[in-house]
Amino acid sequence: MDFFSHFLHGLSVASTGPMLLATFLGVLLGLAIGVLPAMGPPAALAILLPIVVKFDPAVAVAGLAGIYYGAMYGGAVTSILLGIPGESASMMTTLDGYPMAKRGEAGRALGIATFASFAGGFVAIFLFTAVAAPFAEFALRFGPVEMTALMIMTLTFSTSFGGGERSKGFMALGLGLWLGTVGLDLVSGSPRFSFGTFELLEGFEFTVIAIGMYGVGEILSSVNDSTPKVARARYSIRALLPRPSDALKTWKALSVGSIVGFVVGILPGAGATAATIFSYSISKKVSKEPESFGHGAPEGIASPEAANNSASYAAMIPLFTLGIPGSGTTAIMLGGLLMLGLQPGPLLFQEHPDFVWPVIGTFYTGNLMLVFLTIVLTPVLASLVFIRPAYLFPVVLGIVLYGVFSIKYSFFDVAMAIAFGVLGYLFRSFNYPSVPVLLGLVLGPILEQNVRRSLIMSDGDVSIFASSSISVIFLLLSLGLLLLPLLRRVKTRFVPRLA
Amino acid sequence: MLIGEKLFTLLFAAFGGYVLWQSYIYGFLSSTITGPGFFPGIAGLIILLSAGLTLYPKRKVAPEKPVAERTDLGTAASGRKLEVVRVALIVLLTAIFILACPYTGMVALTPFYLFACFLVLTPDYSLKRLMYGGLTSALFTLVAYSIFVSALGVPVPRGMIFGG
């Protein structure tokens, strides 16, 4: 089958009942998750993994992806109406969305956000469809040497750009890499760090750690949160419909957001939040009225909203084509794919076209559903933020306990999830990033396997990593990024003296 | 850098040291390929080096804050204390839940566990709130039973009451 046949087949499967239902439930839940300030998409995905893996892989991933991009839409609702970003990726939307809402243009602001999210999402899905398959074909050239270098670069980039102190990020990465080594060593067969327990011989269950670090950790660090003290307001559906004049006014910001979001979204570690910051500042620079930004400029909503949706779809390209997650959310999705028995990577498009193309098809149907759901459900979504944590958190904890138990019917796993929840809480308290832990855990074993394969190929000669130009480029980029702070320090200390 | 944060980083560093030492015991190399200790050794080294880089710039003790700045800190400290107490209670309740489940049954224990968590988290104990809390706990238990036990067939422990 050629590209168009695959694409049309994917769209037709995505329009079947179970796929539509999974996409609908995913985006609906994503919208709700995006609104709730204490729950992020990684936490929601991690908590739901044990349930969704019991379904058909395409149905399960359609639902998971729906949560991811749905949350990007949902985050805008509270950013505009309440000035509270539901997601970090909606932070920039607050700058202009909330001032617009305060001057009585909440409906218009939400309309712009909805239209921008749809447009940004659509551009990214279109690019995804066009780029993913050729990208996977190119990646088929990657052997163990190139994969080793690519993973080192991904881990270095994700940790360096993940936010916060870099050294803390690398400590978290070290922990993640170590967690990935626990259990039987595949080559020698000797147990590593199993502490004499039978349960740890198979290693740590990815879902258990993801649920612990994100789901439980996020709840524990939000135990003192209270509902926001803002007045409830009513919003008519008519006011939320986007105006043609706004579409004309914001087309430049929309284009910037869609393209920047897509490019930044593909890069490991950059993520949707970085995409919104970049696109907002570029849109401000190219705008005819840059002074209006921050005071309720429609372009200030359109640009970041297009960017965060575009980035969320783009982030799935390296995940599907290389098996490389660039963020916490995509790392959890990778864990989910592995649990479903699928190995993401260049061969996924060749070996499982019946999975990949229908999932891509659901991106189209999901994006359309989101526009409809956002317009219809905004009044309900806005009231979700008033749910008291005292009612919400015990329910989420209950889902965690049942969900983790249902993986292997083991209370050891439940205890581990709580232990990692406490670790996640400490990480948040002391400003340690959690994403490198998950990336290290999920990529560590694959990296180790590729290092060993490369060394077997070269009979132990490490110069094999310099034998491929792709590998050399990736390794030099990683090294450059690692040495950058050192070079900056040398420059600030010695260059003024020389001058 | 807070003392707690410094202590946490030091513990992290000690853990990195342990991983490195244990990896040495497993063996870094075996013939032409890496041994079982090679990769965990790298992980330990990354932890140890990064911990050093985190602690080194902050080795100097921060100067005492002026009294005026400390008044706000009092409220923050009491909020933090409450947070730690709540976290500890939730972890304790969950530990009790895990230990008691095989005896009492998972479904039977769930509403009590959820209600206890609600009591820990709720800011006030008015009758209306308590009723809503109880209702939420009971409703969730029913939903969890329908999804996990009836629909997905998860063999949750039935305990002595429903064990038959």
# chains A, B, ... in the order shown; residues from 1 in each chain; ligands from 1
call {"tool": "interface_residues", "arguments": {"of": "chain A", "to": "chain B", "cutoff": "6 Å", "atoms": "only C-alpha atoms", "output": "ChimeraX atom specification"}}
result
/A:167,171,174,177-178,220,224,390,394,406,430,455,459-460
call {"tool": "write_last_selection", "arguments": {"atoms": "C-alpha atoms", "output": "PDB file, in the first residue's frame"}}
result
ATOM      1  CA  SER A 167      23.023  19.258  38.117  1.00  0.00           C
ATOM      2  CA  MET A 171      21.143  13.418  39.473  1.00  0.00           C
ATOM      3  CA  GLY A 174      21.354   8.945  37.134  1.00  0.00           C
ATOM      4  CA  LEU A 177      19.342   4.994  34.605  1.00  0.00           C
ATOM      5  CA  TRP A 178      20.021   3.012  37.778  1.00  0.00           C
ATOM      6  CA  LEU A 220       1.084  14.656  47.967  1.00  0.00           C
ATOM      7  CA  ASN A 224      -2.465  22.088  51.004  1.00  0.00           C
ATOM      8  CA  ALA A 390     -10.481  17.022  49.679  1.00  0.00           C
ATOM      9  CA  PRO A 394      -8.936  10.543  47.724  1.00  0.00           C
ATOM     10  CA  SER A 406      -4.507  -4.590  38.568  1.00  0.00           C
ATOM     11  CA  PHE A 430      13.465  20.337  46.740  1.00  0.00           C
ATOM     12  CA  LEU A 455      30.935  -3.258  21.408  1.00  0.00           C
ATOM     13  CA  ASP A 459      35.151  -6.596  19.453  1.00  0.00           C
ATOM     14  CA  GLY A 460      35.369  -4.165  22.346  1.00  0.00           C
TER      15      GLY A 460
END
call {"tool": "residues_around", "arguments": {"residues": "region 182-186 of chain A", "least_positions_apart": "3", "cutoff": "8 Å", "atoms": "only C-alpha atoms", "output": "list in words"}}
result
Trp178, Leu179, Gly189, Ser190, Pro191, Arg192, Phe193, Ser194, Leu200, Leu201, Glu202, Gly203 and Phe204 of chain A; Pro36 of chain B
call {"tool": "write_last_selection", "arguments": {"atoms": "N, CA and C atoms", "output": "tab-separated table (two decimals), in the first residue's frame"}}
result
chain	number	residue	atom	x	y	z
A	178	TRP	N	19.80	4.10	36.83
A	178	TRP	CA	20.02	3.01	37.78
A	178	TRP	C	18.76	2.14	37.91
A	179	LEU	N	17.59	2.80	38.01
A	179	LEU	CA	16.33	2.05	38.14
A	179	LEU	C	16.16	1.08	36.97
A	189	GLY	N	23.07	-12.78	33.00
A	189	GLY	CA	22.04	-13.50	33.75
A	189	GLY	C	22.14	-13.32	35.25
A	190	SER	N	23.06	-12.45	35.69
A	190	SER	CA	23.20	-12.25	37.14
A	190	SER	C	22.26	-11.15	37.63
A	191	PRO	N	21.70	-11.34	38.85
A	191	PRO	CA	20.78	-10.31	39.35
A	191	PRO	C	21.53	-9.05	39.77
A	192	ARG	N	20.91	-7.90	39.50
A	192	ARG	CA	21.54	-6.63	39.89
A	192	ARG	C	20.56	-5.86	40.78
A	193	PHE	N	21.01	-5.45	41.93
A	193	PHE	CA	20.24	-4.61	42.87
A	193	PHE	C	18.83	-5.15	43.14
A	194	SER	N	18.70	-6.46	43.26
A	194	SER	CA	17.36	-6.99	43.55
A	194	SER	C	17.14	-7.10	45.06
A	200	LEU	N	11.88	-8.05	42.58
A	200	LEU	CA	12.76	-7.14	41.84
A	200	LEU	C	13.64	-7.85	40.80
A	201	LEU	N	13.53	-9.17	40.72
A	201	LEU	CA	14.34	-9.89	39.72
A	201	LEU	C	13.92	-9.49	38.30
A	202	GLU	N	12.65	-9.15	38.14
A	202	GLU	CA	12.16	-8.71	36.82
A	202	GLU	C	12.37	-7.22	36.61
A	203	GLY	N	12.91	-6.56	37.62
A	203	GLY	CA	13.12	-5.12	37.55
A	203	GLY	C	11.89	-4.35	38.00
A	204	PHE	N	12.03	-3.03	38.03
A	204	PHE	CA	10.90	-2.18	38.43
A	204	PHE	C	9.90	-2.07	37.28
B	36	PRO	N	28.18	-6.64	33.92
B	36	PRO	CA	26.89	-6.25	34.52
B	36	PRO	C	26.98	-4.97	35.35
call {"tool": "closest_residue", "arguments": {"among": "A:Met339, A:Ala43, A:Gly296, A:Phe412", "to": "Thr197 (chain A)", "atoms": "only C-alpha atoms"}}
result
A:Phe412
call {"tool": "atom_distance", "arguments": {"atom1": "CA of Ala247 (chain A)", "atom2": "CA of Ile112 (chain A)"}}
result
7.6 Å
call {"tool": "atom_distance", "arguments": {"atom1": "CA of Ala272 (chain A)", "atom2": "CA of Phe115 (chain A)"}}
result
17.8 Å
call {"tool": "closest_residue", "arguments": {"among": "A:Ala307, A:Leu82, A:Val61, A:Ala417", "to": "Ile282 (chain A)", "atoms": "only C-alpha atoms"}}
result
A:Ala307
call {"tool": "closest_residue", "arguments": {"among": "A:Val256, A:Ile51, A:Met91, A:Ile125", "to": "Leu368 (chain A)", "atoms": "only C-alpha atoms"}}
result
A:Ile125
call {"tool": "residues_around", "arguments": {"residues": "Ser221 (chain A)", "least_positions_apart": "4", "cutoff": "10 Å", "atoms": "only C-alpha atoms", "output": "ChimeraX atom specification"}}
result
/A:38,216-217,225,421-422,424-429 /B:83-84,86-87
call {"tool": "residues_around", "arguments": {"residues": "Phe138 (chain A)", "least_positions_apart": "2", "cutoff": "12 Å", "atoms": "only C-alpha atoms", "output": "list of chain:residue names"}}
result
A:Val131, A:Ala132, A:Ala133, A:Pro134, A:Phe135, A:Ala136, A:Leu140, A:Arg141, A:Phe142, A:Gly143, A:Thr321, A:Leu322, A:Gly345, A:Pro346, A:Leu347, A:Phe349, A:Ile470
call {"tool": "write_last_selection", "arguments": {"atoms": "C-alpha atoms", "output": "PDB file, in the first residue's frame"}}
result
ATOM      1  CA  VAL A 131       6.896  13.794   7.766  1.00  0.00           C
ATOM      2  CA  ALA A 132       6.553  10.762  10.071  1.00  0.00           C
ATOM      3  CA  ALA A 133       6.762   7.962   7.489  1.00  0.00           C
ATOM      4  CA  PRO A 134       9.790   9.378   5.569  1.00  0.00           C
ATOM      5  CA  PHE A 135      11.409  10.151   8.946  1.00  0.00           C
ATOM      6  CA  ALA A 136      10.953   6.508   9.987  1.00  0.00           C
ATOM      7  CA  LEU A 140      16.018   2.648   9.346  1.00  0.00           C
ATOM      8  CA  ARG A 141      19.649   3.484   8.555  1.00  0.00           C
ATOM      9  CA  PHE A 142      20.310   3.775  12.293  1.00  0.00           C
ATOM     10  CA  GLY A 143      22.247   0.842  13.707  1.00  0.00           C
ATOM     11  CA  THR A 321       9.584   6.875  14.503  1.00  0.00           C
ATOM     12  CA  LEU A 322      12.639   6.494  16.750  1.00  0.00           C
ATOM     13  CA  GLY A 345      10.912   2.868  16.281  1.00  0.00           C
ATOM     14  CA  PRO A 346      11.638   2.935  12.559  1.00  0.00           C
ATOM     15  CA  LEU A 347      10.089  -0.498  12.024  1.00  0.00           C
ATOM     16  CA  PHE A 349       5.488   1.971  10.357  1.00  0.00           C
ATOM     17  CA  ILE A 470      25.551  10.683  12.321  1.00  0.00           C
TER      18      ILE A 470
END
call {"tool": "closest_residue", "arguments": {"among": "A:Leu443, A:Ala71, A:Ala466, A:Leu45", "to": "Gly336 (chain A)", "atoms": "only C-alpha atoms"}}
result
A:Leu45
call {"tool": "residues_around", "arguments": {"residues": "Met457 (chain A)", "least_positions_apart": "4", "cutoff": "10 Å", "atoms": "only C-alpha atoms", "output": "PDB file with C-alpha atoms, in the first residue's frame"}}
result
ATOM      1  CA  PRO A 144      23.238   0.305  17.366  1.00  0.00           C
ATOM      2  CA  VAL A 145      26.043   2.888  17.077  1.00  0.00           C
ATOM      3  CA  VAL A 451      26.145  -0.001  23.767  1.00  0.00           C
ATOM      4  CA  ARG A 452      26.696  -3.733  24.225  1.00  0.00           C
ATOM      5  CA  ARG A 453      25.664  -4.565  20.647  1.00  0.00           C
ATOM      6  CA  ASP A 461      36.811  -1.239  20.371  1.00  0.00           C
ATOM      7  CA  ILE A 464      33.239   2.323  16.745  1.00  0.00           C
TER       8      ILE A 464
ATOM      9  CA  THR B  32      35.175  -7.701  24.993  1.00  0.00           C
ATOM     10  CA  ILE B  33      31.858  -6.271  26.160  1.00  0.00           C
TER      11      ILE B  33
END
call {"tool": "atom_distance", "arguments": {"atom1": "CA of Ile399 (chain A)", "atom2": "CA of Asp124 (chain B)"}}
result
24.6 Å
call {"tool": "select_by_dssp", "arguments": {"residues": "region 131-271 of chain A", "states": "strand (DSSP E)", "output": "number ranges by chain"}}
result
A: 183-184, 191-192
call {"tool": "residues_around", "arguments": {"residues": "Ala149 (chain A)", "least_positions_apart": "6", "cutoff": "8 Å", "atoms": "only C-alpha atoms", "output": "VMD selection string"}}
result
chain A and resid 465 471 to 472 474 to 475
call {"tool": "write_last_selection", "arguments": {"atoms": "N, CA and C atoms", "output": "PDB file, in the first residue's frame"}}
result
ATOM      1  N   PHE A 465      32.169   4.145  17.958  1.00  0.00           N
ATOM      2  CA  PHE A 465      31.201   5.239  18.104  1.00  0.00           C
ATOM      3  C   PHE A 465      31.593   6.467  17.263  1.00  0.00           C
ATOM      4  N   SER A 471      26.535   9.492  14.172  1.00  0.00           N
ATOM      5  CA  SER A 471      26.877   9.273  15.579  1.00  0.00           C
ATOM      6  C   SER A 471      27.810  10.372  16.088  1.00  0.00           C
ATOM      7  N   VAL A 472      28.789  10.748  15.254  1.00  0.00           N
ATOM      8  CA  VAL A 472      29.750  11.786  15.662  1.00  0.00           C
ATOM      9  C   VAL A 472      29.019  13.113  15.894  1.00  0.00           C
ATOM     10  N   PHE A 474      25.828  13.609  16.690  1.00  0.00           N
ATOM     11  CA  PHE A 474      25.020  13.507  17.916  1.00  0.00           C
ATOM     12  C   PHE A 474      25.884  13.605  19.173  1.00  0.00           C
ATOM     13  N   LEU A 475      27.026  12.903  19.140  1.00  0.00           N
ATOM     14  CA  LEU A 475      27.887  12.900  20.330  1.00  0.00           C
ATOM     15  C   LEU A 475      28.530  14.266  20.560  1.00  0.00           C
TER      16      LEU A 475
END
call {"tool": "closest_residue", "arguments": {"among": "B:Ile25, B:Ala108, B:Val143, B:Leu11", "to": "Met160 (chain B)", "atoms": "only C-alpha atoms"}}
result
B:Ala108
call {"tool": "select_by_dssp", "arguments": {"residues": "region 267-389 of chain A", "states": "alpha helix (DSSP H)", "output": "PyMOL selection string"}}
result
chain A and resi 271-286+298-314+316-322+328-339+348-351+353-384+389
call {"tool": "closest_residue", "arguments": {"among": "B:Phe28, B:Gly159, B:Arg59, B:Leu127", "to": "Ala100 (chain B)", "atoms": "only C-alpha atoms"}}
result
B:Gly159
call {"tool": "decode", "arguments": {"residues": "region 17-109 of chain B", "atoms": "C-alpha atoms", "output": "CSV table (one decimal), in the first residue's frame"}}
result
chain,number,residue,atom,x,y,z
B,17,GLY,CA,28.5,6.1,46.0
B,18,TYR,CA,26.7,2.8,47.0
B,19,VAL,CA,25.6,2.2,43.4
B,20,LEU,CA,29.2,2.8,42.2
B,21,TRP,CA,30.7,0.4,44.8
B,22,GLN,CA,28.1,-2.3,44.2
B,23,SER,CA,28.7,-2.0,40.4
B,24,TYR,CA,32.4,-2.5,41.0
B,25,ILE,CA,31.5,-5.8,42.8
B,26,TYR,CA,29.3,-6.9,39.8
B,27,GLY,CA,32.2,-6.1,37.5
B,28,PHE,CA,32.6,-3.3,35.0
B,29,LEU,CA,34.0,-5.3,32.1
B,30,SER,CA,33.7,-8.9,30.9
B,31,SER,CA,35.8,-10.0,27.9
B,32,THR,CA,35.2,-7.7,25.0
B,33,ILE,CA,31.9,-6.3,26.2
B,34,THR,CA,30.7,-4.4,29.2
B,35,GLY,CA,30.1,-6.3,32.4
B,36,PRO,CA,26.9,-6.2,34.5
B,37,GLY,CA,28.3,-3.4,36.6
B,38,PHE,CA,29.3,-1.1,33.8
B,39,PHE,CA,26.0,0.6,33.2
B,40,PRO,CA,24.9,1.0,36.8
B,41,GLY,CA,28.4,2.2,37.5
B,42,ILE,CA,27.9,5.0,35.0
B,43,ALA,CA,24.6,5.8,36.7
B,44,GLY,CA,26.3,5.9,40.1
B,45,LEU,CA,29.0,8.2,38.7
B,46,ILE,CA,26.5,10.6,37.2
B,47,ILE,CA,24.7,10.8,40.6
B,48,LEU,CA,27.9,11.3,42.5
B,49,LEU,CA,29.3,14.0,40.1
B,50,SER,CA,26.0,15.8,39.8
B,51,ALA,CA,25.6,15.8,43.6
B,52,GLY,CA,29.0,17.4,43.9
B,53,LEU,CA,28.1,20.0,41.4
B,54,THR,CA,24.9,20.8,43.2
B,55,LEU,CA,26.5,21.0,46.6
B,56,TYR,CA,29.8,22.7,45.7
B,57,PRO,CA,28.5,26.2,44.8
B,58,LYS,CA,26.3,26.3,47.9
B,59,ARG,CA,28.9,25.2,50.4
B,60,LYS,CA,28.9,28.6,52.1
B,61,VAL,CA,26.2,29.1,54.8
B,62,ALA,CA,23.6,31.6,53.8
B,63,PRO,CA,23.6,34.8,56.0
B,64,GLU,CA,20.8,35.2,58.6
B,65,LYS,CA,17.7,36.9,57.2
B,66,PRO,CA,16.6,40.2,58.8
B,67,VAL,CA,13.8,40.0,61.3
B,68,ALA,CA,11.4,41.9,59.0
B,69,GLU,CA,11.7,39.2,56.4
B,70,ARG,CA,11.1,36.4,59.0
B,71,THR,CA,7.5,37.4,59.8
B,72,ASP,CA,6.2,36.1,56.5
B,73,LEU,CA,8.3,33.0,57.0
B,74,GLY,CA,6.3,32.1,60.1
B,75,THR,CA,3.1,31.6,58.2
B,76,ALA,CA,4.9,29.7,55.4
B,77,ALA,CA,6.5,27.4,58.0
B,78,SER,CA,3.2,26.6,59.7
B,79,GLY,CA,1.7,25.8,56.2
B,80,ARG,CA,4.7,23.6,55.4
B,81,LYS,CA,4.3,21.8,58.8
B,82,LEU,CA,0.6,21.1,58.0
B,83,GLU,CA,1.6,19.8,54.6
B,84,VAL,CA,4.2,17.4,56.0
B,85,VAL,CA,1.7,16.2,58.6
B,86,ARG,CA,-1.0,15.6,55.9
B,87,VAL,CA,1.5,13.8,53.6
B,88,ALA,CA,2.7,11.6,56.5
B,89,LEU,CA,-0.9,10.8,57.5
B,90,ILE,CA,-1.9,9.9,53.9
B,91,VAL,CA,1.2,7.6,53.6
B,92,LEU,CA,0.4,6.0,56.9
B,93,LEU,CA,-3.2,5.4,55.9
B,94,THR,CA,-2.1,3.9,52.7
B,95,ALA,CA,0.3,1.6,54.4
B,96,ILE,CA,-2.4,0.5,56.8
B,97,PHE,CA,-4.7,-0.1,53.7
B,98,ILE,CA,-2.0,-2.3,52.0
B,99,LEU,CA,-1.4,-4.3,55.2
B,100,ALA,CA,-5.1,-4.7,56.1
B,101,CYS,CA,-6.4,-5.5,52.6
B,102,PRO,CA,-5.7,-9.2,52.6
B,103,TYR,CA,-7.6,-9.6,55.8
B,104,THR,CA,-10.5,-7.2,55.4
B,105,GLY,CA,-10.9,-7.3,51.6
B,106,MET,CA,-10.0,-4.5,49.2
B,107,VAL,CA,-13.5,-3.4,48.3
B,108,ALA,CA,-14.8,-3.5,51.8
B,109,LEU,CA,-11.9,-1.3,53.1
